[in-house]
Each structure stands twice: as structure tokens, then as C-alpha cells.
$ cat run-v8.cif   # mmCIF, C-alpha atoms
data_query
#
loop_
_atom_site.group_PDB
_atom_site.id
_atom_site.type_symbol
_atom_site.label_atom_id
_atom_site.label_comp_id
_atom_site.auth_asym_id
_atom_site.auth_seq_id
_atom_site.Cartn_x
_atom_site.Cartn_y
_atom_site.Cartn_z
ATOM 1 C CA MET Y 733 -1.809 -63.779 -7.753
ATOM 2 C CA GLN Y 734 1.497 -65.185 -8.939
ATOM 3 C CA LEU Y 735 4.078 -66.581 -6.537
ATOM 4 C CA TYR Y 736 7.515 -65.709 -7.914
ATOM 5 C CA PHE Y 737 9.484 -67.809 -5.444
ATOM 6 C CA GLU Y 738 9.868 -68.688 -1.809
ATOM 7 C CA THR Y 739 12.710 -69.185 0.611
ATOM 8 C CA GLU Y 740 12.773 -70.888 3.978
ATOM 9 C CA ARG Y 741 11.219 -67.857 5.709
ATOM 10 C CA LEU Y 742 9.842 -65.670 2.917
ATOM 11 C CA LEU Y 743 7.453 -65.602 -0.031
ATOM 12 C CA VAL Y 744 7.860 -63.230 -2.970
ATOM 13 C CA ARG Y 745 4.658 -62.725 -4.890
ATOM 14 C CA GLN Y 746 2.881 -60.400 -7.232
ATOM 15 C CA TYR Y 747 1.403 -57.298 -5.614
ATOM 16 C CA THR Y 748 -2.283 -56.794 -4.873
ATOM 17 C CA MET Y 749 -3.977 -53.511 -4.011
ATOM 18 C CA ASN Y 750 -4.309 -54.856 -0.460
ATOM 19 C CA ASP Y 751 -0.522 -54.428 -0.146
ATOM 20 C CA THR Y 752 -0.628 -50.643 -0.410
ATOM 21 C CA ASP Y 753 -1.040 -49.784 3.284
ATOM 22 C CA ALA Y 754 1.637 -52.207 4.507
ATOM 23 C CA LEU Y 755 4.081 -51.066 1.816
ATOM 24 C CA PHE Y 756 3.367 -47.432 2.673
ATOM 25 C CA GLN Y 757 4.269 -48.113 6.333
ATOM 26 C CA ILE Y 758 7.671 -49.387 5.170
ATOM 27 C CA MET Y 759 8.443 -46.933 2.382
ATOM 28 C CA SER Y 760 7.308 -43.839 4.321
ATOM 29 C CA ASP Y 761 10.006 -44.497 6.939
ATOM 30 C CA SER Y 762 12.951 -42.218 6.104
ATOM 31 C CA ARG Y 763 15.388 -44.791 7.541
ATOM 32 C CA VAL Y 764 14.577 -47.153 4.649
ATOM 33 C CA HIS Y 765 15.846 -44.488 2.226
ATOM 34 C CA ILE Y 766 18.910 -43.270 4.117
ATOM 35 C CA TYR Y 767 21.250 -44.534 1.366
ATOM 36 C CA THR Y 768 19.011 -43.948 -1.659
ATOM 37 C CA LYS Y 769 18.145 -41.093 -3.968
ATOM 38 C CA ASP Y 770 14.874 -40.853 -2.015
ATOM 39 C CA LYS Y 771 16.632 -40.125 1.295
ATOM 40 C CA ASP Y 772 14.979 -36.728 1.580
ATOM 41 C CA HIS Y 773 11.678 -37.903 0.098
ATOM 42 C CA PRO Y 774 10.172 -40.986 1.751
ATOM 43 C CA TRP Y 775 7.164 -42.305 -0.137
ATOM 44 C CA ASP Y 776 3.762 -40.807 0.459
ATOM 45 C CA GLU Y 777 0.456 -42.687 0.098
ATOM 46 C CA ARG Y 778 -0.005 -41.561 -3.507
ATOM 47 C CA ARG Y 779 3.436 -42.705 -4.621
ATOM 48 C CA THR Y 780 2.971 -46.055 -2.885
ATOM 49 C CA GLU Y 781 -0.398 -46.599 -4.576
ATOM 50 C CA GLU Y 782 1.053 -45.612 -7.971
ATOM 51 C CA TYR Y 783 3.946 -48.052 -7.475
ATOM 52 C CA VAL Y 784 1.623 -50.942 -6.536
ATOM 53 C CA ASN Y 785 -0.676 -50.159 -9.484
ATOM 54 C CA PHE Y 786 2.289 -50.015 -11.867
ATOM 55 C CA MET Y 787 3.627 -53.345 -10.634
ATOM 56 C CA ILE Y 788 0.203 -54.984 -10.928
ATOM 57 C CA ASP Y 789 -0.220 -53.601 -14.469
ATOM 58 C CA ARG Y 790 3.217 -54.918 -15.482
ATOM 59 C CA ASP Y 791 2.053 -58.455 -14.597
ATOM 60 C CA PHE Y 792 5.575 -59.896 -14.623
ATOM 61 C CA LYS Y 793 5.713 -63.482 -15.865
ATOM 62 C CA THR Y 794 9.466 -64.157 -15.726
ATOM 63 C CA LEU Y 795 12.234 -63.380 -13.271
ATOM 64 C CA ASP Y 796 14.532 -61.577 -15.708
ATOM 65 C CA CYS Y 797 12.735 -58.334 -14.780
ATOM 66 C CA PHE Y 798 10.229 -58.244 -11.925
ATOM 67 C CA HIS Y 799 9.245 -56.623 -8.659
ATOM 68 C CA GLY Y 800 7.457 -58.488 -5.926
ATOM 69 C CA ALA Y 801 6.044 -58.121 -2.449
ATOM 70 C CA VAL Y 802 8.178 -59.800 0.229
ATOM 71 C CA ILE Y 803 6.033 -61.665 2.741
ATOM 72 C CA GLU Y 804 7.340 -63.093 6.008
ATOM 73 C CA LYS Y 805 5.849 -66.609 6.187
ATOM 74 C CA GLU Y 806 5.639 -66.781 9.987
ATOM 75 C CA SER Y 807 3.565 -63.587 10.350
ATOM 76 C CA ASN Y 808 2.083 -63.453 6.823
ATOM 77 C CA ARG Y 809 3.112 -59.755 6.779
ATOM 78 C CA LEU Y 810 4.453 -57.747 3.883
ATOM 79 C CA ILE Y 811 7.942 -56.727 5.029
ATOM 80 C CA GLY Y 812 9.446 -55.175 1.916
ATOM 81 C CA LEU Y 813 10.036 -55.341 -1.802
ATOM 82 C CA CYS Y 814 12.555 -56.963 -4.089
ATOM 83 C CA GLY Y 815 13.203 -57.517 -7.738
ATOM 84 C CA LEU Y 816 15.403 -57.248 -10.763
ATOM 85 C CA ASN Y 817 15.425 -53.882 -12.537
ATOM 86 C CA PRO Y 818 16.414 -53.338 -16.166
ATOM 87 C CA TYR Y 819 20.012 -52.123 -16.298
ATOM 88 C CA GLN Y 820 21.898 -53.561 -19.257
ATOM 89 C CA THR Y 821 20.670 -56.064 -21.842
ATOM 90 C CA ASP Y 822 20.581 -59.498 -20.185
ATOM 91 C CA GLU Y 823 22.153 -58.007 -17.028
ATOM 92 C CA PRO Y 824 19.610 -56.541 -14.587
ATOM 93 C CA GLU Y 825 20.178 -54.826 -11.244
ATOM 94 C CA ILE Y 826 19.121 -56.590 -8.042
ATOM 95 C CA GLU Y 827 17.059 -54.615 -5.560
ATOM 96 C CA PHE Y 828 15.620 -55.214 -2.123
ATOM 97 C CA LYS Y 829 14.219 -52.880 0.525
ATOM 98 C CA LEU Y 830 12.960 -54.149 3.861
ATOM 99 C CA GLY Y 831 11.167 -52.467 6.728
ATOM 100 C CA VAL Y 832 13.453 -51.442 9.587
ATOM 101 C CA PRO Y 833 12.109 -54.114 12.029
ATOM 102 C CA TYR Y 834 13.340 -56.760 9.568
ATOM 103 C CA TRP Y 835 16.918 -55.524 9.238
ATOM 104 C CA GLY Y 836 19.706 -57.699 10.604
ATOM 105 C CA LYS Y 837 17.736 -60.957 10.366
ATOM 106 C CA GLY Y 838 19.413 -62.291 7.216
ATOM 107 C CA TYR Y 839 16.324 -61.697 5.077
ATOM 108 C CA ALA Y 840 18.120 -59.596 2.436
ATOM 109 C CA THR Y 841 20.791 -62.274 2.021
ATOM 110 C CA GLU Y 842 18.109 -64.973 1.801
ATOM 111 C CA LEU Y 843 16.279 -62.956 -0.890
ATOM 112 C CA GLY Y 844 19.419 -62.106 -2.822
ATOM 113 C CA ARG Y 845 20.612 -65.701 -3.024
ATOM 114 C CA GLN Y 846 17.230 -66.919 -4.233
ATOM 115 C CA ILE Y 847 16.787 -64.106 -6.779
ATOM 116 C CA ILE Y 848 20.186 -64.893 -8.280
ATOM 117 C CA GLU Y 849 19.648 -68.655 -8.268
ATOM 118 C CA LYS Y 850 16.176 -68.461 -9.823
ATOM 119 C CA ALA Y 851 17.095 -65.809 -12.413
ATOM 120 C CA PHE Y 852 20.076 -67.817 -13.622
ATOM 121 C CA ALA Y 853 18.156 -71.108 -13.626
ATOM 122 C CA GLU Y 854 14.949 -69.871 -15.268
ATOM 123 C CA THR Y 855 15.929 -66.998 -17.591
ATOM 124 C CA ASP Y 856 18.579 -65.964 -20.109
ATOM 125 C CA VAL Y 857 20.123 -63.457 -17.706
ATOM 126 C CA LYS Y 858 23.909 -63.478 -18.249
ATOM 127 C CA GLY Y 859 24.822 -61.522 -15.141
ATOM 128 C CA ILE Y 860 23.366 -59.416 -12.345
ATOM 129 C CA TYR Y 861 24.591 -56.081 -11.039
ATOM 130 C CA GLY Y 862 24.285 -54.888 -7.473
ATOM 131 C CA MET Y 863 24.637 -51.253 -6.482
ATOM 132 C CA ALA Y 864 24.960 -49.503 -3.146
ATOM 133 C CA GLN Y 865 26.218 -46.193 -1.917
ATOM 134 C CA PRO Y 866 29.826 -46.702 -0.783
ATOM 135 C CA GLU Y 867 28.990 -45.862 2.848
ATOM 136 C CA ASN Y 868 26.107 -48.367 2.950
ATOM 137 C CA LEU Y 869 28.190 -51.123 4.504
ATOM 138 C CA ALA Y 870 25.215 -53.343 5.374
ATOM 139 C CA SER Y 871 23.994 -53.529 1.759
ATOM 140 C CA ARG Y 872 27.509 -54.012 0.457
ATOM 141 C CA LYS Y 873 27.995 -56.905 2.877
ATOM 142 C CA VAL Y 874 24.757 -58.509 1.632
ATOM 143 C CA LEU Y 875 25.890 -58.196 -1.982
ATOM 144 C CA GLU Y 876 29.153 -59.947 -1.077
ATOM 145 C CA LYS Y 877 27.350 -62.672 0.912
ATOM 146 C CA VAL Y 878 25.191 -63.529 -2.113
ATOM 147 C CA GLY Y 879 28.328 -64.088 -4.197
ATOM 148 C CA MET Y 880 28.690 -60.761 -5.968
ATOM 149 C CA LYS Y 881 32.141 -59.304 -6.540
ATOM 150 C CA TYR Y 882 33.001 -55.641 -6.035
ATOM 151 C CA ILE Y 883 34.013 -54.118 -9.372
ATOM 152 C CA GLY Y 884 34.600 -50.494 -8.332
ATOM 153 C CA ASN Y 885 32.880 -47.183 -7.734
ATOM 154 C CA GLN Y 886 31.215 -45.121 -10.443
ATOM 155 C CA ILE Y 887 28.932 -42.122 -10.581
ATOM 156 C CA PHE Y 888 25.425 -43.470 -11.200
ATOM 157 C CA ARG Y 889 22.269 -41.335 -11.110
ATOM 158 C CA ASP Y 890 24.388 -38.427 -9.842
ATOM 159 C CA HIS Y 891 25.714 -40.384 -6.830
ATOM 160 C CA ALA Y 892 28.896 -42.253 -6.055
ATOM 161 C CA THR Y 893 27.917 -45.902 -6.268
ATOM 162 C CA ALA Y 894 29.730 -49.112 -5.366
ATOM 163 C CA PHE Y 895 29.118 -51.633 -8.152
ATOM 164 C CA TYR Y 896 28.976 -55.404 -7.704
ATOM 165 C CA TYR Y 897 28.480 -58.143 -10.276
ATOM 166 C CA ILE Y 898 27.886 -61.853 -10.557
ATOM 167 C CA SER Y 899 28.021 -63.808 -13.812
ATOM 168 C CA ASN Y 900 25.863 -66.772 -14.731
ATOM 169 C CA LEU Y 901 29.103 -68.454 -15.813
ATOM 170 C CA LEU Y 902 30.450 -68.270 -12.251
ATOM 171 C CA VAL Y 903 27.288 -69.847 -10.866
ATOM 172 C CA ASN Y 904 26.455 -72.368 -13.595
ATOM 173 C CA GLY Y 905 29.675 -72.625 -15.536
#
$ encode --input "run-v8.cif" --output "C-alpha cells"
Amino acid sequence: MQLYFETERLLVRQYTMNDTDALFQIMSDSRVHIYTKDKDHPWDERRTEEYVNFMIDRDFKTLDCFHGAVIEKESNRLIGLCGLNPYQTDEPEIEFKLGVPYWGKGYATELGRQIIEKAFAETDVKGIYGMAQPENLASRKVLEKVGMKYIGNQIFRDHATAFYYISNLLVNG
């Protein structure tokens, strides 16, 4: 099992099939999806298993495109997911979803900073996009805390979306 990176309080690693039940507990909670396209369709056991299988099959080796299980070091519990999704060539989209008990603890900011730092240091990623529904103030605040700049609202996947961006040149230039 590959460790993608760690922060002070978290590990992000490749999925195993043993992660399915814990991830289902998180992703079946409708509150996790309140600001996503899945807001009316929390994950069921089948979708969670398919997601974990897909991520295991992908066997990500670099951080320019990956998804990983977020593990809280103190409890050794899976508390969410994070990754970089393909969006534009050399400019992926950052993603993180955490279980409700882990909201408001600074974990998303901790993950976001490390994803950006590692992606820019270890890959050819030129920039990273962040997206949130305009009314999702908590996610928008996280994107700003990790250094992303608001670049405006657009319709994306049939929803109004607040777009954020950070360039490798701003971080390493």
C-alpha cells in the first residue's frame, strides 16, 4: 500500500478493500454532499465499493492525478478522501471530503496545503483549480486559506460554481 503523503495529523494513502465500510459511513451521510451534485444521492454500499475498487485499480504512482484515503493518525481511522482530479492539461482540480465529525478541525486546510505543496514539488502540474458551490462558505474559506485566489463564478456540471486557482509560479516562482 502506497503512502502518498502525510501531514502533522493525517496520512493519505492508497485505498485497500478494508476501507470500504469506513468510507461508506462517511459518504452515505447526506450532510457530506449538501453542496455537491450528489446532494440528493448519498453513496450506497455498491457505489462505495465500486469507487474503492476503481481507485485500487488505478494504482496512482504520482500526485498529478490521484485519490487517496485520509487517515487520522491519532485514531488510525479513515476520515475522508482527497485527491487531484483531471480538469485541464497540467492543471487538475483539488478535492477533499471529510466525515462530519472531522469538520471544523483544520483538516481540510492541512490536506489542501500539503496536496498543493507536494504536487508542485513532485510533478509538472502548472496550476491547480478549486471549485465550490458559491454558498459553500466553509469550502471557499479553505480554498483561500491554502493560497488559492477566487477567479469568478461559472456554470460547471450544470451548477453555479465558484472557481479558485493557484499557479506553480506563485508558489515556486
$ resolve_selection --input "run-v8.cif" --expression "the PyMOL selection byres ((chain Y and resi 802) around 9)" --output "ChimeraX atom specification"
/Y:742-745,800-801,803-804,809-814,830,843
$ closest_atom_pairs --input "run-v8.cif" --of "segment 775-847 of chain Y" --to "segment 862-865 of chain Y" --cutoff "9 Å" --atoms "all atoms listed in the file" --output "JSON lines"
{"residue": "Y:Pro824", "atom": "CA", "partner": "Y:Gly862", "partner_atom": "CA", "distance": 8.7}
{"residue": "Y:Glu825", "atom": "CA", "partner": "Y:Gly862", "partner_atom": "CA", "distance": 5.6}
{"residue": "Y:Ile826", "atom": "CA", "partner": "Y:Gly862", "partner_atom": "CA", "distance": 5.5}
{"residue": "Y:Glu827", "atom": "CA", "partner": "Y:Gly862", "partner_atom": "CA", "distance": 7.5}
$ axis_aligned_box --input "run-v8.cif" --around "segment 826-829 of chain Y" --padding-each-side "8 Å" --output "AutoDock Vina command-line options"
--center_x 16.7 --center_y -54.7 --center_z -3.8 --size_x 20.9 --size_y 19.7 --size_z 24.6
$ resolve_selection --input "run-v8.cif" --expression "the PyMOL selection byres ((chain Y and resi 866) around 10)" --output "list in words"
Tyr767, Met863, Ala864, Gln865, Glu867, Asn868, Leu869, Ser871, Arg872, Gly884, Asn885, Gln886, His891, Ala892, Thr893, Ala894 and Phe895 of chain Y
$ atom_distance --input "run-v8.cif" --atom1 "atom CA of Tyr839 of chain Y" --atom2 "atom CA of Arg778 of chain Y"
27.3 Å
$ residues_around --input "run-v8.cif" --residues "Leu875 of chain Y" --least-positions-apart "2" --cutoff "9 Å" --atoms "only C-alpha atoms" --output "PDB file with C-alpha atoms, keeping the file's coordinate frame"
ATOM      1  CA  THR Y 841      20.791 -62.274   2.021  1.00  0.00           C
ATOM      2  CA  GLY Y 844      19.419 -62.106  -2.822  1.00  0.00           C
ATOM      3  CA  GLY Y 862      24.285 -54.888  -7.473  1.00  0.00           C
ATOM      4  CA  MET Y 863      24.637 -51.253  -6.482  1.00  0.00           C
ATOM      5  CA  ALA Y 864      24.960 -49.503  -3.146  1.00  0.00           C
ATOM      6  CA  ALA Y 870      25.215 -53.343   5.374  1.00  0.00           C
ATOM      7  CA  SER Y 871      23.994 -53.529   1.759  1.00  0.00           C
ATOM      8  CA  ARG Y 872      27.509 -54.012   0.457  1.00  0.00           C
ATOM      9  CA  LYS Y 873      27.995 -56.905   2.877  1.00  0.00           C
ATOM     10  CA  LYS Y 877      27.350 -62.672   0.912  1.00  0.00           C
ATOM     11  CA  VAL Y 878      25.191 -63.529  -2.113  1.00  0.00           C
ATOM     12  CA  GLY Y 879      28.328 -64.088  -4.197  1.00  0.00           C
ATOM     13  CA  MET Y 880      28.690 -60.761  -5.968  1.00  0.00           C
ATOM     14  CA  LYS Y 881      32.141 -59.304  -6.540  1.00  0.00           C
ATOM     15  CA  TYR Y 882      33.001 -55.641  -6.035  1.00  0.00           C
ATOM     16  CA  TYR Y 896      28.976 -55.404  -7.704  1.00  0.00           C
ATOM     17  CA  TYR Y 897      28.480 -58.143 -10.276  1.00  0.00           C
TER      18      TYR Y 897
END
$ atom_distance --input "run-v8.cif" --atom1 "atom CA of Tyr736 of chain Y" --atom2 "atom CA of Asp789 of chain Y"
15.8 Å
$ residues_around --input "run-v8.cif" --residues "Pro818 of chain Y" --least-positions-apart "4" --cutoff "9 Å" --atoms "all atoms listed in the file" --output "list of chain:residue names"
Y:Asp796, Y:Cys797, Y:Phe798, Y:Asp822, Y:Glu823, Y:Pro824, Y:Glu825
$ closest_residue --input "run-v8.cif" --among "Y:Thr780, Y:Thr752, Y:Leu795, Y:Ser899" --to "Lys858 of chain Y" --atoms "all atoms listed in the file"
Y:Ser899
$ closest_residue --input "run-v8.cif" --among "Y:Gly831, Y:Glu842, Y:Lys769, Y:Asp753" --to "Glu738 of chain Y" --atoms "all atoms listed in the file"
Y:Glu842
